[in-house]
$ cat input-v2.cif   # mmCIF, C-alpha atoms and all ligand atoms
data_data
#
loop_
_atom_site.label_atom_id
_atom_site.label_comp_id
_atom_site.auth_asym_id
_atom_site.auth_seq_id
_atom_site.Cartn_x
_atom_site.Cartn_y
_atom_site.Cartn_z
CA MET A 698 38.27 -16.25 -93.79
CA PRO A 699 37.77 -19.85 -92.75
CA GLY A 700 34.56 -21.85 -93.04
CA ASP A 701 32.24 -23.09 -95.75
CA SER A 702 30.29 -19.90 -96.16
CA LEU A 703 31.23 -16.44 -97.40
CA ASN A 704 29.27 -13.84 -95.47
CA VAL A 705 28.68 -10.72 -97.54
CA GLY A 706 27.80 -7.24 -96.32
CA LEU A 707 26.49 -5.03 -99.13
CA VAL A 708 26.42 -1.21 -98.94
CA GLY A 709 23.88 0.43 -101.30
CA TYR A 710 20.64 -1.08 -102.48
CA GLN A 711 19.51 0.63 -105.65
CA PHE A 712 20.72 -0.02 -109.25
CA MET A 713 23.97 -1.85 -108.47
CA GLY A 714 22.59 -2.99 -105.12
CA LYS A 715 19.97 -4.91 -107.07
CA ALA A 716 22.52 -6.28 -109.57
CA HIS A 717 24.81 -7.42 -106.73
CA SER A 718 21.98 -8.88 -104.60
CA ASN A 719 20.91 -10.91 -107.60
CA ALA A 720 24.53 -11.95 -108.24
CA TRP A 721 25.13 -13.27 -104.72
CA LEU A 722 21.75 -15.00 -104.77
CA GLN A 723 22.16 -16.64 -108.18
CA ALA A 724 25.86 -17.52 -108.24
CA PRO A 725 25.48 -20.82 -106.30
CA HIS A 726 22.49 -21.78 -108.46
CA PHE A 727 24.61 -21.88 -111.61
CA PHE A 728 28.17 -22.46 -110.41
CA ASP A 729 29.62 -25.20 -108.19
CA LEU A 730 31.20 -22.97 -105.59
CA PRO A 731 33.74 -23.99 -102.96
CA ARG A 732 32.00 -21.76 -100.43
CA GLN A 733 28.39 -20.69 -100.10
CA PRO A 734 27.83 -16.93 -100.43
CA VAL A 735 25.52 -15.84 -97.62
CA MET A 736 23.60 -12.58 -97.97
CA HIS A 737 24.40 -11.57 -94.41
CA THR A 738 23.69 -7.83 -94.10
CA LEU A 739 22.39 -5.06 -96.35
CA CYS A 740 23.35 -1.47 -95.52
CA GLY A 741 21.61 1.73 -96.64
CA ARG A 742 20.65 5.12 -95.32
CA SER A 743 16.83 5.19 -95.49
CA LEU A 744 15.23 2.70 -93.13
CA GLU A 745 11.95 1.82 -94.86
CA PRO A 746 13.31 1.13 -98.38
CA LEU A 747 16.30 -0.61 -96.79
CA LYS A 748 14.01 -2.98 -94.86
CA ALA A 749 11.85 -3.62 -97.93
CA THR A 750 14.88 -4.33 -100.16
CA ALA A 751 16.48 -6.62 -97.59
CA LYS A 752 13.21 -8.61 -97.36
CA ARG A 753 12.72 -8.77 -101.15
CA TRP A 754 16.19 -10.16 -101.82
CA GLY A 755 16.55 -12.30 -98.72
CA TRP A 756 19.26 -10.38 -96.86
CA LYS A 757 19.32 -11.81 -93.32
CA ASN A 758 20.02 -8.49 -91.56
CA TYR A 759 20.07 -4.79 -92.33
CA THR A 760 21.82 -1.79 -90.85
CA GLN A 761 22.00 1.94 -91.50
CA ASP A 762 25.66 2.12 -90.45
CA TYR A 763 28.27 0.26 -92.47
CA ARG A 764 30.65 0.38 -89.47
CA GLU A 765 28.43 -2.16 -87.72
CA MET A 766 29.26 -4.60 -90.50
CA LEU A 767 32.97 -3.91 -90.05
CA LYS A 768 32.72 -4.70 -86.34
CA ASN A 769 30.87 -7.95 -86.97
CA PRO A 770 33.40 -10.82 -87.09
CA GLU A 771 30.91 -12.97 -89.03
CA ILE A 772 31.17 -10.77 -92.14
CA ASP A 773 33.95 -11.74 -94.55
CA LEU A 774 33.48 -9.40 -97.50
CA ILE A 775 32.23 -5.82 -97.88
CA ASP A 776 30.58 -5.12 -101.22
CA VAL A 777 30.51 -1.41 -102.12
CA SER A 778 27.74 -0.27 -104.49
CA VAL A 779 27.29 3.35 -103.48
CA PRO A 780 28.14 6.55 -105.38
CA ASN A 781 31.82 7.20 -106.03
CA ASN A 782 32.43 9.79 -103.28
CA ALA A 783 31.55 7.16 -100.66
CA HIS A 784 33.94 4.48 -102.01
CA PRO A 785 37.20 5.60 -100.34
CA GLU A 786 35.95 5.89 -96.76
CA ILE A 787 34.11 2.54 -96.83
CA VAL A 788 36.87 0.65 -98.69
CA ILE A 789 39.68 1.95 -96.47
CA ALA A 790 37.74 1.25 -93.27
CA ALA A 791 36.83 -2.24 -94.54
CA ALA A 792 40.48 -3.00 -95.35
CA GLU A 793 41.56 -1.79 -91.91
CA ALA A 794 38.93 -4.12 -90.42
CA LYS A 795 40.57 -6.95 -92.43
CA LYS A 796 37.53 -7.57 -94.61
CA ALA A 797 37.81 -8.54 -98.25
CA VAL A 798 36.47 -5.73 -100.45
CA ALA A 799 34.55 -5.76 -103.73
CA CYS A 800 34.10 -2.20 -105.02
CA GLU A 801 32.08 -0.79 -107.90
CA LYS A 802 33.79 1.13 -110.71
CA PRO A 803 35.26 3.67 -111.06
CA LEU A 804 37.32 2.98 -107.97
CA ALA A 805 37.11 6.66 -106.97
CA ARG A 806 36.63 10.25 -108.15
CA THR A 807 40.35 10.90 -108.57
CA TYR A 808 43.64 9.05 -108.92
CA GLU A 809 44.75 10.31 -105.50
CA GLU A 810 41.71 8.76 -103.82
CA ALA A 811 42.10 5.51 -105.75
CA LYS A 812 45.77 5.35 -104.76
CA ALA A 813 44.86 5.64 -101.07
CA MET A 814 42.31 2.83 -101.46
CA HIS A 815 44.84 0.70 -103.30
CA ALA A 816 47.45 1.32 -100.58
CA ALA A 817 44.92 0.39 -97.88
CA VAL A 818 44.04 -3.03 -99.36
CA LYS A 819 47.71 -3.77 -100.03
CA LYS A 820 48.77 -2.75 -96.51
CA ALA A 821 46.01 -4.85 -94.92
CA LYS A 822 46.70 -7.71 -97.39
CA VAL A 823 42.98 -8.22 -97.96
CA ASN A 824 41.42 -9.67 -101.09
CA ASN A 825 40.25 -6.88 -103.36
CA TYR A 826 37.92 -6.95 -106.34
CA VAL A 827 36.44 -4.38 -108.76
CA TRP A 828 33.07 -4.97 -110.42
CA PHE A 829 34.21 -4.42 -114.00
CA ASN A 830 31.37 -6.70 -115.02
CA TYR A 831 31.84 -6.39 -118.81
CA ARG A 832 34.94 -8.58 -118.48
CA ARG A 833 32.55 -11.41 -117.75
CA VAL A 834 30.38 -11.11 -120.84
CA PRO A 835 31.08 -14.46 -122.57
CA ALA A 836 31.89 -12.72 -125.88
CA VAL A 837 34.34 -10.32 -124.19
CA ALA A 838 36.07 -13.13 -122.27
CA TYR A 839 36.27 -15.08 -125.53
CA ALA A 840 37.82 -12.06 -127.29
CA ARG A 841 40.59 -12.14 -124.70
CA GLN A 842 41.13 -15.85 -125.35
CA LEU A 843 41.55 -15.15 -129.08
CA VAL A 844 44.16 -12.47 -128.32
CA GLU A 845 45.95 -14.86 -125.95
CA GLN A 846 45.96 -17.52 -128.69
CA GLU A 847 47.71 -14.93 -130.92
CA ARG A 848 44.85 -14.90 -133.42
CA ILE A 849 44.91 -11.08 -133.62
CA GLY A 850 48.66 -10.42 -133.57
CA LYS A 851 50.21 -7.01 -133.14
CA ILE A 852 47.48 -4.46 -132.42
CA PHE A 853 47.26 -1.41 -134.69
CA HIS A 854 43.94 0.22 -133.80
CA VAL A 855 41.45 0.16 -130.93
CA ARG A 856 38.07 1.91 -130.89
CA GLY A 857 35.97 2.19 -127.76
CA LEU A 858 32.50 3.72 -127.82
CA TYR A 859 30.07 4.02 -124.93
CA LEU A 860 26.90 5.82 -125.96
CA GLN A 861 23.89 6.72 -123.84
CA ASP A 862 21.21 9.42 -124.22
CA TRP A 863 19.40 9.57 -120.88
CA ILE A 864 20.28 13.18 -119.93
CA LYS A 865 19.86 15.03 -123.23
CA ASP A 866 16.58 16.52 -121.94
CA ALA A 867 17.45 19.73 -120.04
CA ASN A 868 14.74 18.86 -117.48
CA ILE A 869 16.73 15.86 -116.28
CA PRO A 870 17.90 17.06 -112.88
CA LEU A 871 21.36 17.49 -111.46
CA VAL A 872 21.45 14.00 -109.95
CA TRP A 873 24.55 12.52 -108.27
CA ARG A 874 25.83 11.17 -111.60
CA LEU A 875 26.12 14.82 -112.77
CA SER A 876 27.72 16.11 -109.59
CA LYS A 877 31.48 16.62 -109.57
CA GLU A 878 31.38 16.48 -105.79
CA VAL A 879 29.79 13.01 -105.76
CA ALA A 880 30.77 11.35 -109.05
CA GLY A 881 34.09 13.09 -109.80
CA SER A 882 33.30 13.28 -113.53
CA GLY A 883 30.34 12.68 -115.86
CA SER A 884 30.29 10.29 -118.78
CA HIS A 885 34.07 9.93 -118.47
CA GLY A 886 34.40 8.09 -115.14
CA ASP A 887 31.07 6.38 -115.53
CA LEU A 888 31.40 5.05 -119.08
CA CYS A 889 35.03 5.32 -120.24
CA ALA A 890 35.98 3.39 -117.09
CA HIS A 891 34.31 0.36 -118.68
CA THR A 892 35.82 0.68 -122.16
CA ILE A 893 39.30 1.45 -120.79
CA ASP A 894 39.08 -1.67 -118.65
CA MET A 895 37.72 -3.78 -121.51
CA LEU A 896 40.63 -2.76 -123.70
CA ARG A 897 43.20 -3.54 -120.98
CA TYR A 898 41.50 -6.88 -120.34
CA ILE A 899 41.03 -8.06 -123.93
CA SER A 900 44.39 -6.90 -125.26
CA GLY A 901 46.60 -7.21 -122.17
CA ASP A 902 48.04 -3.89 -123.39
CA GLU A 903 48.52 -0.67 -121.40
CA PHE A 904 47.81 2.99 -122.14
CA THR A 905 50.91 5.19 -122.32
CA GLU A 906 49.69 8.61 -123.56
CA VAL A 907 46.30 10.26 -124.02
CA CYS A 908 44.83 13.44 -125.46
CA GLY A 909 41.21 14.25 -124.68
CA ILE A 910 38.41 16.80 -124.82
CA PHE A 911 35.30 17.17 -122.66
CA GLU A 912 32.00 18.84 -123.57
CA THR A 913 29.11 19.91 -121.36
CA PHE A 914 26.07 20.71 -123.50
CA ILE A 915 23.66 21.74 -120.71
CA LYS A 916 25.30 23.99 -118.15
CA GLN A 917 22.46 24.40 -115.61
CA ARG A 918 19.96 21.82 -114.40
CA PRO A 919 17.26 21.62 -111.73
CA ILE A 920 18.36 20.02 -108.48
CA GLY A 921 17.00 16.47 -108.20
CA ARG A 922 17.71 12.87 -107.38
CA MET A 923 18.16 9.42 -108.89
CA VAL A 924 15.14 7.16 -108.54
CA GLU A 925 15.97 3.78 -110.07
CA GLY A 926 18.53 2.61 -112.62
CA LEU A 927 19.07 5.64 -114.90
CA THR A 928 15.69 7.23 -114.15
CA THR A 929 15.38 10.42 -112.13
CA ASN A 930 12.64 12.40 -110.41
CA ALA A 931 12.41 14.83 -113.38
CA GLN A 932 8.61 14.26 -113.63
CA GLU A 933 8.03 15.31 -110.02
CA ILE A 934 9.81 18.66 -110.33
CA LYS A 935 7.10 21.28 -110.87
CA GLY A 936 6.95 25.09 -110.66
CA PRO A 937 9.98 27.27 -109.94
CA ARG A 938 13.02 25.07 -109.83
CA GLU A 939 16.21 25.49 -107.90
CA MET A 940 18.98 25.26 -110.49
CA GLY A 941 22.53 24.04 -110.12
CA LYS A 942 25.65 24.30 -112.28
CA VAL A 943 26.74 21.20 -114.18
CA GLU A 944 30.45 20.81 -113.51
CA VAL A 945 31.07 17.48 -115.23
CA ASP A 946 31.38 16.35 -118.83
CA ASP A 947 28.30 15.30 -120.79
CA ALA A 948 30.59 13.77 -123.42
CA VAL A 949 34.27 12.93 -123.78
CA TRP A 950 36.60 11.94 -126.62
CA PHE A 951 40.20 10.86 -126.36
CA LEU A 952 43.05 9.57 -128.47
CA CYS A 953 45.53 7.15 -126.96
CA LYS A 954 48.82 5.42 -127.58
CA LEU A 955 49.41 1.90 -126.28
CA LYS A 956 52.57 0.27 -124.96
CA GLY A 957 52.44 -2.36 -127.72
CA GLY A 958 52.63 0.35 -130.41
CA GLY A 959 48.91 0.59 -131.24
CA VAL A 960 46.79 3.74 -131.24
CA GLY A 961 43.18 4.23 -130.30
CA THR A 962 40.12 6.45 -130.10
CA PHE A 963 37.56 6.44 -127.30
CA GLU A 964 34.24 8.25 -127.00
CA ALA A 965 31.63 8.31 -124.25
CA THR A 966 28.48 10.38 -124.09
CA ARG A 967 25.06 10.63 -122.50
CA PHE A 968 23.75 12.63 -125.48
CA ALA A 969 23.83 10.07 -128.31
CA THR A 970 20.16 10.20 -129.28
CA GLY A 971 18.77 6.73 -129.79
CA TYR A 972 21.50 4.91 -127.88
CA HIS A 973 20.47 3.88 -124.38
CA ASN A 974 23.46 1.72 -123.49
CA ALA A 975 25.65 1.03 -126.52
CA ASN A 976 29.02 -0.15 -125.26
CA SER A 977 31.28 -1.37 -128.04
CA ILE A 978 34.91 -2.05 -128.69
CA GLU A 979 36.89 -2.94 -131.80
CA ILE A 980 40.48 -4.10 -132.19
CA ASN A 981 42.36 -4.33 -135.50
CA GLY A 982 45.53 -6.40 -135.48
CA GLU A 983 47.95 -7.74 -138.04
CA LYS A 984 46.39 -11.22 -138.09
CA GLY A 985 42.75 -10.35 -137.44
CA SER A 986 40.14 -8.03 -136.01
CA LEU A 987 37.57 -8.27 -133.20
CA ARG A 988 34.32 -6.35 -132.67
CA PHE A 989 32.02 -6.50 -129.66
CA ASP A 990 28.81 -4.51 -129.27
CA PHE A 991 26.81 -4.86 -126.05
CA SER A 992 23.60 -4.38 -128.07
CA ASN A 993 24.41 -7.80 -129.57
CA PHE A 994 25.45 -9.23 -126.24
CA SER A 995 25.79 -12.88 -127.28
CA TYR A 996 27.99 -12.27 -130.30
CA LEU A 997 31.65 -11.64 -130.99
CA GLU A 998 32.61 -10.61 -134.51
CA PHE A 999 35.95 -11.96 -135.69
CA PHE A 1000 37.83 -11.38 -138.94
CA ASP A 1001 40.59 -13.94 -139.44
CA ASP A 1002 43.09 -12.51 -141.90
CA THR A 1003 45.16 -15.71 -141.91
CA LEU A 1004 42.52 -17.61 -143.90
CA PRO A 1005 42.83 -18.09 -147.67
CA ALA A 1006 41.55 -14.98 -149.48
CA SER A 1007 38.50 -16.86 -150.74
CA GLU A 1008 37.40 -17.68 -147.17
CA LYS A 1009 38.01 -14.31 -145.52
CA GLY A 1010 35.10 -12.42 -144.03
CA TRP A 1011 33.61 -11.21 -140.76
CA ARG A 1012 32.37 -14.14 -138.68
CA ARG A 1013 29.56 -13.56 -136.19
CA ILE A 1014 30.21 -16.06 -133.40
CA SER A 1015 27.38 -16.89 -131.03
CA CYS A 1016 29.21 -17.11 -127.70
CA THR A 1017 26.54 -19.24 -126.10
CA THR A 1018 28.00 -22.74 -126.26
CA GLY A 1019 29.68 -24.77 -123.55
CA ASN A 1020 32.99 -23.90 -125.24
CA HIS A 1021 32.60 -20.20 -124.49
CA PRO A 1022 33.51 -18.71 -121.11
CA TYR A 1023 30.64 -18.82 -118.57
CA ALA A 1024 27.96 -19.69 -121.15
CA GLY A 1025 28.03 -23.41 -120.42
CA LYS A 1026 27.05 -22.73 -116.80
CA TYR A 1027 23.61 -21.66 -117.90
CA TRP A 1028 21.52 -22.88 -120.84
CA PRO A 1029 21.94 -24.84 -124.12
CA ALA A 1030 23.57 -23.05 -127.09
CA ASP A 1031 21.69 -20.00 -128.38
CA HIS A 1032 19.64 -19.69 -125.20
CA PRO A 1033 21.43 -16.49 -124.21
CA ILE A 1034 22.21 -14.93 -120.87
CA GLY A 1035 22.39 -11.12 -120.37
CA TYR A 1036 23.40 -8.12 -118.28
CA ALA A 1037 22.45 -9.59 -114.89
CA GLU A 1038 24.62 -12.64 -115.46
CA THR A 1039 27.77 -10.54 -115.93
CA PHE A 1040 27.44 -9.78 -112.21
CA VAL A 1041 26.56 -13.40 -111.36
CA ASN A 1042 29.73 -14.53 -113.18
CA THR A 1043 31.77 -11.95 -111.27
CA ALA A 1044 30.33 -13.01 -107.91
CA ALA A 1045 31.04 -16.69 -108.70
CA ASP A 1046 34.67 -15.88 -109.59
CA ILE A 1047 35.06 -13.82 -106.41
CA VAL A 1048 33.78 -16.69 -104.23
CA ALA A 1049 36.12 -19.15 -105.98
CA HIS A 1050 39.04 -16.78 -105.48
CA VAL A 1051 38.30 -16.09 -101.81
CA ALA A 1052 38.02 -19.84 -101.18
CA ASP A 1053 41.48 -20.28 -102.62
CA SER A 1054 42.61 -17.78 -99.94
CA LYS A 1055 45.00 -15.85 -102.11
CA ALA A 1056 45.83 -12.61 -100.34
CA SER A 1057 45.51 -9.26 -102.15
CA ALA A 1058 43.43 -10.80 -104.92
CA GLY A 1059 46.36 -12.69 -106.47
CA ASP A 1060 45.41 -13.70 -109.97
CA PHE A 1061 41.81 -12.45 -109.82
CA HIS A 1062 41.05 -9.61 -112.21
CA ALA A 1063 39.79 -6.97 -112.08
CA ASN A 1064 41.41 -6.25 -108.73
CA PHE A 1065 42.51 -2.91 -107.26
CA ASP A 1066 45.67 -2.93 -109.43
CA ASP A 1067 43.31 -2.87 -112.44
CA GLY A 1068 41.05 -0.31 -110.79
CA LEU A 1069 44.04 1.98 -110.17
CA ALA A 1070 45.40 1.49 -113.70
CA CYS A 1071 42.02 2.48 -115.12
CA GLN A 1072 41.84 5.50 -112.79
CA ALA A 1073 45.27 6.65 -114.04
CA VAL A 1074 43.94 6.71 -117.62
CA LEU A 1075 40.80 8.57 -116.50
CA GLU A 1076 42.92 11.12 -114.67
CA ALA A 1077 45.36 11.58 -117.57
CA VAL A 1078 42.46 12.32 -119.93
CA THR A 1079 41.01 14.78 -117.42
CA VAL A 1080 44.35 16.64 -117.15
CA SER A 1081 44.71 16.56 -120.93
CA ALA A 1082 41.24 18.04 -121.50
CA LYS A 1083 41.88 20.76 -118.92
CA GLU A 1084 45.35 21.68 -120.15
CA LYS A 1085 44.67 21.01 -123.87
CA ARG A 1086 47.72 18.81 -124.43
CA TRP A 1087 48.90 15.19 -124.64
CA VAL A 1088 49.51 13.63 -121.20
CA ASN A 1089 51.89 10.76 -120.55
CA LEU A 1090 50.62 8.27 -117.95
CA LYS A 1091 53.99 8.60 -116.16
CA GLU A 1092 52.89 12.12 -115.14
CA ILE A 1093 50.00 10.65 -113.20
CA LYS A 1094 51.45 7.55 -111.54
N1 LIG A 1101 29.26 -1.99 -113.13
C1 LIG A 1101 28.31 -1.29 -113.74
O1 LIG A 1101 27.91 -1.58 -114.85
C2 LIG A 1101 27.71 -0.11 -113.03
C3 LIG A 1101 26.47 0.41 -113.43
C4 LIG A 1101 25.92 1.47 -112.71
C5 LIG A 1101 26.61 2.01 -111.64
N2 LIG A 1101 27.83 1.50 -111.29
C6 LIG A 1101 28.56 2.05 -110.14
O2 LIG A 1101 27.93 1.59 -108.94
C7 LIG A 1101 27.97 2.60 -107.91
C8 LIG A 1101 26.56 2.88 -107.42
O3 LIG A 1101 25.77 3.31 -108.53
P1 LIG A 1101 24.20 2.98 -108.62
O4 LIG A 1101 23.84 3.10 -110.06
O5 LIG A 1101 23.88 1.74 -107.91
O6 LIG A 1101 23.62 4.23 -107.83
P2 LIG A 1101 22.14 4.41 -107.25
O7 LIG A 1101 21.90 5.87 -107.15
O8 LIG A 1101 21.17 3.56 -108.01
O9 LIG A 1101 22.27 3.76 -105.79
C9 LIG A 1101 23.19 4.25 -104.85
C10 LIG A 1101 22.89 3.67 -103.47
O10 LIG A 1101 23.85 4.14 -102.55
C11 LIG A 1101 23.19 4.69 -101.39
N3 LIG A 1101 24.11 5.68 -100.82
C12 LIG A 1101 24.48 6.86 -101.37
N4 LIG A 1101 25.43 7.46 -100.60
C13 LIG A 1101 25.64 6.62 -99.55
C14 LIG A 1101 26.47 6.67 -98.39
N5 LIG A 1101 27.28 7.71 -98.18
N6 LIG A 1101 26.42 5.63 -97.52
C15 LIG A 1101 25.60 4.58 -97.73
N7 LIG A 1101 24.79 4.48 -98.80
C16 LIG A 1101 24.81 5.49 -99.69
C17 LIG A 1101 21.90 5.20 -101.93
O11 LIG A 1101 20.94 5.37 -100.91
C18 LIG A 1101 21.55 4.05 -102.89
O12 LIG A 1101 21.04 2.93 -102.19
C19 LIG A 1101 28.69 3.80 -108.54
O13 LIG A 1101 30.05 3.76 -108.19
C20 LIG A 1101 28.54 3.56 -110.05
O14 LIG A 1101 29.58 4.14 -110.80
C21 LIG A 1101 28.37 0.46 -111.94
#

$ encode --input "input-v2.cif" --output "structure tokens"
Amino acid sequence: MPGDSLNVGLVGYQFMGKAHSNAWLQAPHFFDLPRQPVMHTLCGRSLEPLKATAKRWGWKNYTQDYREMLKNPEIDLIDVSVPNNAHPEIVIAAAEAKKAVACEKPLARTYEEAKAMHAAVKKAKVNNYVWFNYRRVPAVAYARQLVEQERIGKIFHVRGLYLQDWIKDANIPLVWRLSKEVAGSGSHGDLCAHTIDMLRYISGDEFTEVCGIFETFIKQRPIGRMVEGLTTNAQEIKGPREMGKVEVDDAVWFLCKLKGGGVGTFEATRFATGYHNANSIEINGEKGSLRFDFSNFSYLEFFDDTLPASEKGWRRISCTTGNHPYAGKYWPADHPIGYAETFVNTAADIVAHVADSKASAGDFHANFDDGLACQAVLEAVTVSAKEKRWVNLKEIK
């Protein structure tokens, strides 16, 4: 991928399409990048909204067939922000066409699919990236630094919670996020993927065994579609409704054991009334504890147990200064950034990594190794819930 620009072809133009368009657009405004990301081509299925979105965000070209982007030698990187069932075909074809690939999470619906995608990028030796954007929240990246500086010590407990409530109304239709065929799972793949990855990233630890349960509260829903973000066309569905069976989890809980000797509990749900997007993680170690809650995006809570007893207490650190990861690229201290910038930070890191021309993503994380490791945990929990037993990760890999 020679040259001073990085030509991006993006597939999908709705929720994540918007987040990624904004990321490619904004990254060079805030970061000094070795190459200029160029919004080369936007790909989607419906012509009119595709044209309108391309115009709004400044994509130079648009196409309804992603294969056209693969044939175009100008395009360096294929960015995949479509539902999970479409990830494998596009990623594998992109790798075979020797394009770098940046794929949304979860990598796939199943471990088997993710493994094929992983094998494809490795075989083609193309740079590979996963949009685990929460890694690039300044407070989360700072949490990792504290672990690396051995401020937390041996980890005893981890707690991951990802709570939403957008489908608790039975009138919310059976959109793709509730379709086993399209999404693979419900809250599990969608939400636990993030907390599993955050734990791996912050702690550097690995999951070894899991034991989980799934629950589906509403078993039948009207057929419908996603409109924007997490909204659906529920309002438009009037009169007799064609119903479909919900085959994915509305909520999931799992216990885990970690390689380092720690244990953990994880929960994800779309039925936690009052919580629209509460993603939080807590780690308790022998020297200290860390707490991050996305609802308090700018802050990391830190308990330093090495201080004199009279000085001990939870500290609420505003991760907005030039000393915190990413924050200094934006505004003065306590002028916070937010959700959109987690994608901008990711795009900036991808461009920097591509420019360094390290094949197969090298030291960039999250790459497909991380995506596959996360998928193994997702799969192990799924097997555990189905078979009502503990599952060792070795059974999956
Ligand atoms: N990183 C995050 O925080 C985050 C948040 C939401 C979604 N996601 C992930 O992003 C991906 C997309 O989710 P979304 O929320 O943007 O969905 P969405 O429903 O908002 O948009 C999906 C887009 O893909 C298009 N599409 C669907 N099937 C396609 C196909 N076969 N070929 C080409 N285009 C197709 C749709 O027309 C639409 O433009 C999913 O994998 C999801 O898990 C990640």

$ residues_near_ligand --input "input-v2.cif" --ligand "ligand LIG 1101 (chain A)" --cutoff "6 Å" --atoms "all atoms listed in the file" --output "list in words"
Val708, Gly709, Tyr710, Gln711, Phe712, Met713, Gly714, Gly741, Arg742, Ser778, Val779, Pro780, Asn781, Ala783, Glu801, Lys802, Pro803, Trp828, Phe829, Asn830, Asp887, Met923, Glu925 and Gly926 of chain A

$ atom_distance --input "input-v2.cif" --atom1 "atom CA of Ala716 of chain A" --atom2 "atom CA of Val1041 of chain A"
8.4 Å

$ closest_residue --input "input-v2.cif" --among "A:Ala880, A:Val1088, A:Val872, A:Ala1052" --to "Val907 of chain A" --atoms "only C-alpha atoms"
A:Val1088

$ atom_distance --input "input-v2.cif" --atom1 "atom CA of Ala1045 of chain A" --atom2 "atom CA of Tyr1027 of chain A"
12.8 Å

$ closest_residue --input "input-v2.cif" --among "A:Ser992, A:Ser977, A:Ser1007, A:Gln1072" --to "Tyr1036 of chain A" --atoms "all atoms listed in the file"
A:Ser992

$ residues_around --input "input-v2.cif" --residues "segment 717-724 of chain A" --least-positions-apart "3" --cutoff "8 Å" --atoms "all atoms listed in the file" --output "list in words"
Met713, Gly714, Phe727, Phe728, Pro734, Val735, Met736, Trp754, Ala1037, Glu1038, Phe1040, Val1041, Asn1042, Thr1043, Ala1044 and Ala1045 of chain A

$ closest_residue --input "input-v2.cif" --among "A:Lys1026, A:Val1080, A:Thr966, A:Tyr763" --to "Lys865 of chain A" --atoms "all atoms listed in the file"
A:Thr966

$ residues_around --input "input-v2.cif" --residues "Ala931 of chain A" --least-positions-apart "2" --cutoff "10 Å" --atoms "all atoms listed in the file" --output "number ranges by chain"
A: 866-872, 919-924, 928-929, 933-935

$ residues_near_point --input "input-v2.cif" --point "(33.3, -11.0, -121.5)" --cutoff "12 Å" --atoms "all atoms listed in the file" --output "number ranges by chain"
A: 829-843, 891-892, 894-896, 898-899, 977-978, 989-991, 994-997, 1016-1017, 1021-1024, 1034-1036, 1038-1040, 1042-1043

$ decode --input "input-v2.cif" --residues "segment 715-733 of chain A" --atoms "C-alpha atoms" --output "PDB file, in the first residue's frame"
ATOM      1  CA  LYS A 715     -22.060   6.921  10.273  1.00  0.00           C
ATOM      2  CA  ALA A 716     -19.587   6.357  13.138  1.00  0.00           C
ATOM      3  CA  HIS A 717     -16.910   5.153  10.694  1.00  0.00           C
ATOM      4  CA  SER A 718     -17.554   7.909   8.118  1.00  0.00           C
ATOM      5  CA  ASN A 719     -17.120  10.446  10.892  1.00  0.00           C
ATOM      6  CA  ALA A 720     -13.972   8.653  12.091  1.00  0.00           C
ATOM      7  CA  TRP A 721     -12.241   8.701   8.697  1.00  0.00           C
ATOM      8  CA  LEU A 722     -13.295  12.309   8.188  1.00  0.00           C
ATOM      9  CA  GLN A 723     -12.177  13.571  11.597  1.00  0.00           C
ATOM     10  CA  ALA A 724      -9.022  11.542  12.241  1.00  0.00           C
ATOM     11  CA  PRO A 725      -6.689  13.838  10.234  1.00  0.00           C
ATOM     12  CA  HIS A 726      -8.254  16.914  11.868  1.00  0.00           C
ATOM     13  CA  PHE A 727      -7.067  15.856  15.321  1.00  0.00           C
ATOM     14  CA  PHE A 728      -4.095  13.558  14.705  1.00  0.00           C
ATOM     15  CA  ASP A 729      -0.892  14.132  12.724  1.00  0.00           C
ATOM     16  CA  LEU A 730      -1.165  11.150  10.437  1.00  0.00           C
ATOM     17  CA  PRO A 731       1.575   9.714   8.241  1.00  0.00           C
ATOM     18  CA  ARG A 732      -0.959   9.100   5.487  1.00  0.00           C
ATOM     19  CA  GLN A 733      -4.160  10.903   4.582  1.00  0.00           C
TER      20      GLN A 733
END
